[in-house]
Every structure is written in structure tokens, then in C-alpha cells.
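Novice: target-v8.pdb (PDB, C-alpha atoms) pasted underneath:
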ATOM      1  CA  GLU A  19      -5.450 -12.425  20.912  1.00  0.00           C
ATOM      2  CA  ALA A  20      -1.674 -12.080  20.351  1.00  0.00           C
ATOM      3  CA  LEU A  21      -2.167  -9.108  18.044  1.00  0.00           C
ATOM      4  CA  MET A  22      -4.377  -7.380  20.586  1.00  0.00           C
ATOM      5  CA  SER A  23      -1.827  -7.890  23.360  1.00  0.00           C
ATOM      6  CA  LEU A  24       0.913  -6.575  21.072  1.00  0.00           C
ATOM      7  CA  LEU A  25      -1.079  -3.381  20.538  1.00  0.00           C
ATOM      8  CA  THR A  26      -1.910  -2.902  24.213  1.00  0.00           C
ATOM      9  CA  GLY A  27       0.569  -0.997  26.320  1.00  0.00           C
ATOM     10  CA  PRO A  28       0.762   0.383  29.850  1.00  0.00           C
ATOM     11  CA  ASP A  29      -1.541   3.251  28.853  1.00  0.00           C
ATOM     12  CA  GLY A  30      -4.155   0.903  27.395  1.00  0.00           C
ATOM     13  CA  ARG A  31      -4.899  -0.242  23.907  1.00  0.00           C
ATOM     14  CA  TYR A  32      -3.625   1.465  20.801  1.00  0.00           C
ATOM     15  CA  THR A  33      -5.803   4.139  19.240  1.00  0.00           C
ATOM     16  CA  GLY A  34      -5.163   5.781  15.934  1.00  0.00           C
ATOM     17  CA  LYS A  35      -4.101   4.487  12.557  1.00  0.00           C
ATOM     18  CA  LEU A  36      -3.193   1.029  11.363  1.00  0.00           C
ATOM     19  CA  ILE A  37      -1.561   0.146   8.055  1.00  0.00           C
ATOM     20  CA  SER A  38      -1.526  -3.492   7.064  1.00  0.00           C
ATOM     21  CA  ASP A  39      -1.709  -6.056   4.318  1.00  0.00           C
ATOM     22  CA  GLY A  40      -4.988  -7.768   3.492  1.00  0.00           C
ATOM     23  CA  LEU A  41      -5.150 -10.226   6.394  1.00  0.00           C
ATOM     24  CA  LYS A  42      -8.686 -10.353   7.783  1.00  0.00           C
ATOM     25  CA  ILE A  43      -7.468 -10.292  11.403  1.00  0.00           C
ATOM     26  CA  TYR A  44      -6.491  -6.639  10.953  1.00  0.00           C
ATOM     27  CA  ASP A  45      -9.962  -5.778   9.641  1.00  0.00           C
ATOM     28  CA  GLY A  46     -11.563  -7.240  12.750  1.00  0.00           C
ATOM     29  CA  LEU A  47      -9.149  -5.486  15.076  1.00  0.00           C
ATOM     30  CA  ALA A  48      -9.539  -2.132  13.312  1.00  0.00           C
ATOM     31  CA  GLU A  49     -13.307  -2.392  13.464  1.00  0.00           C
ATOM     32  CA  ALA A  50     -13.428  -3.560  17.088  1.00  0.00           C
ATOM     33  CA  TRP A  51     -11.037  -0.867  18.288  1.00  0.00           C
ATOM     34  CA  GLY A  52     -12.230   1.922  15.999  1.00  0.00           C
ATOM     35  CA  LEU A  53      -8.863   2.320  14.262  1.00  0.00           C
ATOM     36  CA  GLN A  54      -8.392   4.061  10.945  1.00  0.00           C
ATOM     37  CA  HIS A  55      -7.287   1.180   8.735  1.00  0.00           C
ATOM     38  CA  PHE A  56      -5.018   1.799   5.753  1.00  0.00           C
ATOM     39  CA  GLY A  57      -4.002  -0.726   3.107  1.00  0.00           C
ATOM     40  CA  CYS A  58      -0.523  -1.423   1.809  1.00  0.00           C
ATOM     41  CA  LEU A  59       0.095  -0.495  -1.809  1.00  0.00           C
ATOM     42  CA  ALA A  60       3.329  -2.522  -1.828  1.00  0.00           C
ATOM     43  CA  HIS A  61       1.398  -5.702  -1.012  1.00  0.00           C
ATOM     44  CA  CYS A  62      -0.989  -4.892  -3.845  1.00  0.00           C
ATOM     45  CA  ARG A  63       1.954  -4.394  -6.197  1.00  0.00           C
ATOM     46  CA  ARG A  64       3.407  -7.787  -5.216  1.00  0.00           C
ATOM     47  CA  TYR A  65       0.304  -9.527  -6.525  1.00  0.00           C
ATOM     48  CA  TYR A  66       0.853  -7.924  -9.941  1.00  0.00           C
ATOM     49  CA  VAL A  67       4.571  -8.737  -9.889  1.00  0.00           C
ATOM     50  CA  THR A  68       3.629 -12.374  -9.277  1.00  0.00           C
ATOM     51  CA  ALA A  69       1.067 -12.230 -12.095  1.00  0.00           C
ATOM     52  CA  GLU A  70       3.719 -10.812 -14.407  1.00  0.00           C
ATOM     53  CA  LYS A  71       6.140 -13.631 -13.555  1.00  0.00           C
ATOM     54  CA  VAL A  72       3.837 -16.641 -13.445  1.00  0.00           C
ATOM     55  CA  GLY A  73       0.960 -15.565 -15.663  1.00  0.00           C
ATOM     56  CA  GLN A  74       0.120 -18.235 -18.197  1.00  0.00           C
ATOM     57  CA  SER A  75      -1.076 -15.888 -20.924  1.00  0.00           C
ATOM     58  CA  PRO A  76       0.999 -13.175 -22.568  1.00  0.00           C
ATOM     59  CA  THR A  77      -2.017 -10.863 -22.283  1.00  0.00           C
ATOM     60  CA  GLY A  78      -2.187 -11.407 -18.532  1.00  0.00           C
ATOM     61  CA  ARG A  79       1.514 -10.672 -18.128  1.00  0.00           C
ATOM     62  CA  THR A  80       1.137  -7.516 -20.224  1.00  0.00           C
ATOM     63  CA  LEU A  81      -1.845  -6.362 -18.161  1.00  0.00           C
ATOM     64  CA  ALA A  82       0.106  -6.958 -14.944  1.00  0.00           C
ATOM     65  CA  ARG A  83       3.018  -4.898 -16.311  1.00  0.00           C
ATOM     66  CA  THR A  84       0.558  -2.139 -17.214  1.00  0.00           C
ATOM     67  CA  VAL A  85      -0.708  -1.957 -13.629  1.00  0.00           C
ATOM     68  CA  ILE A  86       2.817  -1.994 -12.202  1.00  0.00           C
ATOM     69  CA  ARG A  87       3.994   0.789 -14.509  1.00  0.00           C
ATOM     70  CA  ASP A  88       0.979   2.976 -15.268  1.00  0.00           C
ATOM     71  CA  PHE A  89      -0.927   2.869 -12.012  1.00  0.00           C
ATOM     72  CA  ILE A  90       1.046   1.687  -8.993  1.00  0.00           C
ATOM     73  CA  GLY A  91       4.334   2.939 -10.408  1.00  0.00           C
ATOM     74  CA  ALA A  92       2.766   6.309 -11.141  1.00  0.00           C
ATOM     75  CA  LEU A  93       1.409   6.547  -7.579  1.00  0.00           C
ATOM     76  CA  TYR A  94       4.879   5.827  -6.204  1.00  0.00           C
ATOM     77  CA  ALA A  95       6.342   8.441  -8.585  1.00  0.00           C
ATOM     78  CA  VAL A  96       4.102  11.036  -6.911  1.00  0.00           C
ATOM     79  CA  GLU A  97       5.374   9.895  -3.500  1.00  0.00           C
ATOM     80  CA  ARG A  98       8.988  10.259  -4.717  1.00  0.00           C
ATOM     81  CA  HIS A  99       8.113  13.767  -5.940  1.00  0.00           C
ATOM     82  CA  ILE A 100       6.714  14.606  -2.491  1.00  0.00           C
ATOM     83  CA  LYS A 101       9.831  13.208  -0.803  1.00  0.00           C
ATOM     84  CA  ASP A 102      12.113  15.233  -3.102  1.00  0.00           C
ATOM     85  CA  ARG A 103      10.137  18.429  -2.479  1.00  0.00           C
ATOM     86  CA  ARG A 104      10.242  17.825   1.288  1.00  0.00           C
ATOM     87  CA  GLU A 105      14.025  17.295   1.198  1.00  0.00           C
ATOM     88  CA  ARG A 106      14.586  20.436  -0.894  1.00  0.00           C
ATOM     89  CA  CYS A 107      12.457  22.495   1.498  1.00  0.00           C
ATOM     90  CA  GLU A 108      14.285  21.131   4.536  1.00  0.00           C
ATOM     91  CA  GLN A 109      17.675  21.836   2.934  1.00  0.00           C
ATOM     92  CA  ALA A 110      16.533  25.400   2.331  1.00  0.00           C
ATOM     93  CA  GLY A 111      15.443  25.683   5.967  1.00  0.00           C
ATOM     94  CA  GLN A 112      11.773  25.747   5.045  1.00  0.00           C
ATOM     95  CA  ILE A 113       8.878  23.633   6.214  1.00  0.00           C
ATOM     96  CA  PHE A 114       7.055  21.359   3.792  1.00  0.00           C
ATOM     97  CA  SER A 115       3.585  21.244   5.297  1.00  0.00           C
ATOM     98  CA  LEU A 116       1.133  18.393   5.407  1.00  0.00           C
ATOM     99  CA  ASP A 117      -1.274  20.637   3.500  1.00  0.00           C
ATOM    100  CA  GLU A 118       1.198  20.656   0.618  1.00  0.00           C
ATOM    101  CA  VAL A 119       1.438  16.850   0.716  1.00  0.00           C
ATOM    102  CA  LEU A 120      -2.342  16.603   0.621  1.00  0.00           C
ATOM    103  CA  LYS A 121      -2.585  19.090  -2.238  1.00  0.00           C
ATOM    104  CA  ILE A 122      -0.061  17.176  -4.356  1.00  0.00           C
ATOM    105  CA  ARG A 123      -1.773  13.862  -3.666  1.00  0.00           C
ATOM    106  CA  GLN A 124      -5.178  15.293  -4.514  1.00  0.00           C
ATOM    107  CA  GLU A 125      -3.934  16.867  -7.745  1.00  0.00           C
ATOM    108  CA  LYS A 126      -1.694  14.056  -8.974  1.00  0.00           C
ATOM    109  CA  SER A 127      -2.515  10.775  -7.217  1.00  0.00           C
ATOM    110  CA  VAL A 128      -6.307  10.915  -7.064  1.00  0.00           C
ATOM    111  CA  PRO A 129      -6.690  10.945 -10.880  1.00  0.00           C
ATOM    112  CA  ILE A 130      -4.244   8.013 -11.160  1.00  0.00           C
ATOM    113  CA  ALA A 131      -6.170   6.083  -8.518  1.00  0.00           C
ATOM    114  CA  ALA A 132      -9.459   6.824 -10.301  1.00  0.00           C
ATOM    115  CA  ALA A 133      -8.015   5.545 -13.585  1.00  0.00           C
ATOM    116  CA  PHE A 134      -6.737   2.417 -11.802  1.00  0.00           C
ATOM    117  CA  LYS A 135     -10.185   1.765 -10.291  1.00  0.00           C
ATOM    118  CA  SER A 136     -11.820   2.230 -13.673  1.00  0.00           C
ATOM    119  CA  TRP A 137      -9.310  -0.201 -15.183  1.00  0.00           C
ATOM    120  CA  LEU A 138     -10.061  -2.760 -12.458  1.00  0.00           C
ATOM    121  CA  ASP A 139     -13.799  -2.437 -13.052  1.00  0.00           C
ATOM    122  CA  ASP A 140     -13.397  -2.739 -16.839  1.00  0.00           C
ATOM    123  CA  VAL A 141     -10.826  -5.546 -17.014  1.00  0.00           C
ATOM    124  CA  GLY A 142     -11.666  -7.495 -13.853  1.00  0.00           C
ATOM    125  CA  PRO A 143     -14.799  -9.296 -15.061  1.00  0.00           C
ATOM    126  CA  GLY A 144     -12.965 -10.731 -18.085  1.00  0.00           C
ATOM    127  CA  VAL A 145     -10.062 -12.219 -16.124  1.00  0.00           C
ATOM    128  CA  PRO A 146     -10.285 -15.776 -14.739  1.00  0.00           C
ATOM    129  CA  PRO A 147     -10.520 -15.346 -10.949  1.00  0.00           C
ATOM    130  CA  LYS A 148      -8.158 -18.236 -10.176  1.00  0.00           C
ATOM    131  CA  SER A 149      -5.387 -16.876 -12.412  1.00  0.00           C
ATOM    132  CA  ALA A 150      -2.547 -14.868 -10.852  1.00  0.00           C
ATOM    133  CA  LEU A 151      -3.881 -11.706 -12.501  1.00  0.00           C
ATOM    134  CA  GLY A 152      -7.403 -12.531 -11.306  1.00  0.00           C
ATOM    135  CA  LYS A 153      -6.118 -12.853  -7.744  1.00  0.00           C
ATOM    136  CA  ALA A 154      -4.281  -9.533  -8.063  1.00  0.00           C
ATOM    137  CA  ILE A 155      -7.410  -7.817  -9.327  1.00  0.00           C
ATOM    138  CA  ALA A 156      -9.566  -9.412  -6.621  1.00  0.00           C
ATOM    139  CA  TYR A 157      -7.101  -8.274  -3.937  1.00  0.00           C
ATOM    140  CA  SER A 158      -7.083  -4.733  -5.347  1.00  0.00           C
ATOM    141  CA  GLN A 159     -10.866  -4.544  -5.452  1.00  0.00           C
ATOM    142  CA  SER A 160     -11.412  -6.029  -2.001  1.00  0.00           C
ATOM    143  CA  GLN A 161      -8.803  -3.741  -0.434  1.00  0.00           C
ATOM    144  CA  TRP A 162      -9.626  -0.652  -2.516  1.00  0.00           C
ATOM    145  CA  PRO A 163     -11.049   1.641   0.206  1.00  0.00           C
ATOM    146  CA  LYS A 164      -8.028   0.947   2.420  1.00  0.00           C
ATOM    147  CA  LEU A 165      -5.515   1.187  -0.454  1.00  0.00           C
ATOM    148  CA  ILE A 166      -6.568   4.718  -1.352  1.00  0.00           C
ATOM    149  CA  ARG A 167      -7.251   5.999   2.174  1.00  0.00           C
ATOM    150  CA  TYR A 168      -3.709   7.442   2.360  1.00  0.00           C
ATOM    151  CA  LEU A 169      -4.660   9.904  -0.388  1.00  0.00           C
ATOM    152  CA  ASP A 170      -6.774  11.820   2.144  1.00  0.00           C
ATOM    153  CA  ASP A 171      -4.273  11.625   5.011  1.00  0.00           C
ATOM    154  CA  PRO A 172      -0.968  13.391   4.385  1.00  0.00           C
ATOM    155  CA  GLN A 173       0.611  11.818   7.475  1.00  0.00           C
ATOM    156  CA  MET A 174       0.282   8.272   6.136  1.00  0.00           C
ATOM    157  CA  PRO A 175       2.545   6.554   3.610  1.00  0.00           C
ATOM    158  CA  PRO A 176       1.083   4.382   0.843  1.00  0.00           C
ATOM    159  CA  ASP A 177       2.617   1.226   2.326  1.00  0.00           C
ATOM    160  CA  ASN A 178       4.179  -0.311   5.413  1.00  0.00           C
ATOM    161  CA  ASN A 179       7.572  -0.962   3.792  1.00  0.00           C
ATOM    162  CA  ARG A 180       9.538   0.829   6.531  1.00  0.00           C
ATOM    163  CA  VAL A 181       8.213  -1.567   9.141  1.00  0.00           C
ATOM    164  CA  GLU A 182       8.703  -4.610   6.923  1.00  0.00           C
ATOM    165  CA  GLN A 183      12.299  -3.624   6.203  1.00  0.00           C
ATOM    166  CA  ALA A 184      12.917  -3.140   9.917  1.00  0.00           C
ATOM    167  CA  ILE A 185      11.652  -6.636  10.809  1.00  0.00           C
ATOM    168  CA  ARG A 186      13.181  -8.414   7.805  1.00  0.00           C
ATOM    169  CA  PRO A 187      16.360  -9.525   9.678  1.00  0.00           C
ATOM    170  CA  PHE A 188      14.204 -11.256  12.281  1.00  0.00           C
ATOM    171  CA  ALA A 189      11.951 -12.915   9.723  1.00  0.00           C
ATOM    172  CA  VAL A 190      14.881 -14.144   7.630  1.00  0.00           C
ATOM    173  CA  GLY A 191      16.785 -15.186  10.747  1.00  0.00           C
ATOM    174  CA  ARG A 192      13.801 -17.035  12.175  1.00  0.00           C
ATOM    175  CA  ARG A 193      13.632 -19.167   9.040  1.00  0.00           C
ATOM    176  CA  ALA A 194      17.374 -19.874   9.201  1.00  0.00           C
ATOM    177  CA  TRP A 195      17.345 -20.627  12.920  1.00  0.00           C
ATOM    178  CA  LEU A 196      14.780 -23.383  12.418  1.00  0.00           C
ATOM    179  CA  PHE A 197      17.269 -25.573  10.582  1.00  0.00           C
TER     180      PHE A 197
END
The structure given in the file should be rewritten as C-alpha cells.
Specialist:
Amino acid sequence: EALMSLLTGPDGRYTGKLISDGLKIYDGLAEAWGLQHFGCLAHCRRYYVTAEKVGQSPTGRTLARTVIRDFIGALYAVERHIKDRRERCEQAGQIFSLDEVLKIRQEKSVPIAAAFKSWLDDVGPGVPPKSALGKAIAYSQSQWPKLIRYLDDPQMPPDNNRVEQAIRPFAVGRRAWLF
């Protein structure tokens, strides 16, 4: 109810695109309102960072590092490449089109995402589901369609980090104000 009122303005309810973490409430809202729902790659990465830190087996920690570096890290490297190209074009007074963003993502990110999905399908069944790595893999698999949706939409980022960074002072302050 609160989320719906937050996304309803004087012109009516929000229509368009929604990027979020894996909370089920967003799935219901996106479906009910017909929103394009995108997942957050940064939230996915956090699960693997946790698995790397708290994983009980050295193999699990190594697998988590592999995902962080070879898959998620590689996807973010493509996004940095896009950002650099955009900045160079703008400095030269040129326009870096959304078609160019889409082309780069299709050429570079789609194969990385396909390799990541293959890795999840191969490794996932052998990982205990209650382990930190098992939870990371389960999150990745359950969110997969939303996590890769940005690859087909050049307007969307792979994560909602800009918003999270903008609200961080309030979240941190709220915790401090309680005590």
C-alpha cells in the first residue's frame, strides 16, 4: 500500500520501468501495474561478496570470487567502457546514441551473461542451498530474467546504485536517530 502511494502522483500512477532488488513486493507491483521490471546487478553481486567473506569452504569462496571477477565484474567493465565512450563523444561534441549502447551490450555483455547463466546451471545443483554461495546462486537464478533485462534496453543501468547512494544519508541517519 505504501509503495503504491509512493508511486502515485497527481497525474496518476507511475507507468514505465522499475529497477529493484529481489523483494517480492516489487514483483507484485510490476505485474499489477504492467511495469517493465529490471533487477539490480549490484544486489546480486553483494550475495557473492558475502559468500566470499563467510563461506565455510575454500572452494565456495573461490567460486564466489570467480563470479565477482569473471562474470559480474566483466559486465561492469563493459558498462565502464560504455561510460568512457560516452564521455569521449560528449567531449568531442558528438552524440553517443542509445543504438551504440545497445550494440556494445549485445556484442560484449550478452556472451558474458550467457557464460554466467551456464555457470549457474552447471555449478548450482552441486552447492548446498543453505550455504552463502547456495543463496547467491539461488538469488541469481530466481532473478535472472530481470538481471539481464537491461541488456536489451540501452536506457537502463545494470543496477539501482545511483538511487541507493542518494538515499544512503537518510538510511544511515535513521539508524543513528533511533538511539
Novice: Enumerate, as a ChimeraX atom specification, the residues matched when the PyMOL selection byres ((chain A and resi 160) around 12) is run on the file above.
Specialist: /A:39-42,45,57,62,135,138-139,142,153-159,161-166
Novice: Can you pull out the residues contacting A:Leu21? Cut-off 9 Å, using only C-alpha atoms, and skip same-chain residues under 4 positions away; I want them as an NGL selection string.
Specialist: :A and (25-26 or 43-44 or 47)
Novice: Using all atoms listed in the file, determine which residues lie at most 8 Å from stretch 172-182 of chain A, disregarding the query and same-chain residues fewer than 3 positions distant; provide the list as number ranges by chain.
Specialist: A: 37-38, 57-61, 116-117, 119-120, 165-166, 168-169, 185-186
Novice: Using all atoms listed in the file, find the one residue out of A:Glu49, A:Leu81, A:His55, A:Arg64 that sits nearest to A:Lys35.
Specialist: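 Checking each candidate against A:Lys35, we get A:His55 as the closest.
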Novice: How many Å lie between atom CA of A:Arg79 and atom CA of A:His99, rounded to one decimal?
Specialist: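 Between atom CA of A:Arg79 and atom CA of A:His99 the gap works out to 28.1 Å.
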